[in-house]
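Visitor: Below you will find the structure I want to go over with you.
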Amino acid sequence: MSETDQDTVSFGYENVSPEEKTRRVGQVFSSVARKYDIMNDAMSFGMHRGWKDRFVKRVKPQSGENILDMAGGTGDIAFRMADRGANVTVADINQEMLDVGAERAMERDEAEGAGSLVFSQQNAEEVTFASNTFDAYTIVFGIRNVTHKEKALKEALRVLRPGGRFYCMEFSVTDWSGFREIYDFYSMNIMPRMGQVIAGDIESYRYLAESIRKFPRAAEFEAMISNAGFVNTKAEVILGGAVAIHSGWKV
């Protein structure tokens with residue numbers, strides 16, 4: 001059964017209606033927006049910066065390209081791609097996240113020859129841009145929060161030009177024995193407490209930890225990307241699958 005056929009979807013370990021998940025995910029990111037980047041540093045011990053650099057190297061943004069960075073509110077990925085000359089549309093369903101990104105964009109020192117940045121409130125399942133618009137579509141640590149992932153993948157395919165590339169980086173569960181147990185304990189016990197101390201919000205970070213456990217493993221999600229119509233799909237796993245970089249092309 002596809003996600004769109006289901007009466008309920010997962011919100012962490014709870015099963016809720018699709019409408020309720022969309023509403024509650026919105027509340028989570030409204031709550032964490034101002035502390036989002038600080039928490040990323042704290043929760044990953046700064047490793048997320050290296051993962052994001054690695055991700056952008058895989059995307060290979062080119063000067064003058066038009067790239068849609070979905071769920072990219074605070075701009076971390078978009079700034080890296082714009083500094084390489086790409087014209088990036090930063091899209092997010094959450095306006096508070098976009099506001100943080102727009103403020104950071106105004107404060108940052110642009111690289112010479114940097115491309116443009118545009119911020120746009122968008123639902124990944126119903127993108128308002130025309131078909132065959134973008135050279136690349138990126139989504140980093142965002143698709144696990146989308147209510148209907150299959151619809152988001154179909155929309156990604158639609159807005160890409162023929163020959164366009166799809167890149168996604170997402171958390172999941174690690175298959176490394178020993179590390180898996182440490183990772184599980186950390187994500188379910190330490191991470192929510194860090195959210196309480198740093199962001200004053202334990203429940204949002206408990207949800208984020210649960211959402212990682214519920215997200216498909218790399219091989220399963222790669223199959224979803226292929227089923228959406230992408231070709232030459234690939235999953236590059238990091239830390240035994242705790243993080244994976246997915247890619248695919250539109251023909």
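Chains: A, B, ... in order of the structure tokens. Residues: from 1 per chain. Ligands: from 1, in order shown.
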Mind the document's chain letters and residue numbers, and return as a ChimeraX atom specification the residues of stretch 42-210 of chain A that DSSP labels helix (DSSP H, G or I).
Guide: /A:42-44,47-59,76-82,95-107,143-145,149-159,179-199,202-210
Visitor: Please, which residues of stretch 46-236 of chain A, numbered as in this document, come out strand (DSSP E) from DSSP, as number ranges by chain?
Guide: A: 66-70, 87-92, 117-121, 134-140, 160-171, 231-236
Visitor: Pick the closest to A:Phe185 from A:Glu155, A:Glu210, A:Glu107, A:Asp83: which is it, counting only C-alpha atoms?
Guide: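 With only C-alpha atoms as the atom set, the closest residue is A:Glu210.
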Visitor: Quick one: residues within 8 Å of A:Gly85, only C-alpha atoms counted, chain neighbours fewer than 2 positions away excluded, as a list in words?
Guide: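 Within the cut-off, the hits are Pro61, Gln62, Ser63, Gly64, Glu65, Met81, Ala82, Asp83, Asn87, Gly113, Ala114, Gly115 and Ser116 of chain A.
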Visitor: So, with only C-alpha atoms as the atoms that count, which of A:Phe221, A:Phe11, A:Phe171, A:Phe79 lies closest to A:Thr147?
Guide: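 Counting only C-alpha atoms, the residue closest to A:Thr147 is A:Phe11.
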Visitor: Suppose you want the space between atom CA of A:Met43 and atom CA of A:Arg24; what is it in Å?
Guide: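 If I compute the distance from atom CA of A:Met43 to atom CA of A:Arg24, I get 21.8 Å.
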Visitor: Do you know which residues are at most 7 Å from stretch 142-146 of chain A counting only C-alpha atoms, after dropping those on the same chain fewer than 3 positions away, and could you put them as JSON, numbers by chain?
Guide: {"A": [25, 71, 139, 149, 211, 215]}
Visitor: Atom CA of A:Met188 and atom CA of A:Ile212, how far apart in Å?
Guide: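 Spanning atom CA of A:Ile212 to atom CA of A:Met188 is a straight-line distance of 10.1 Å.
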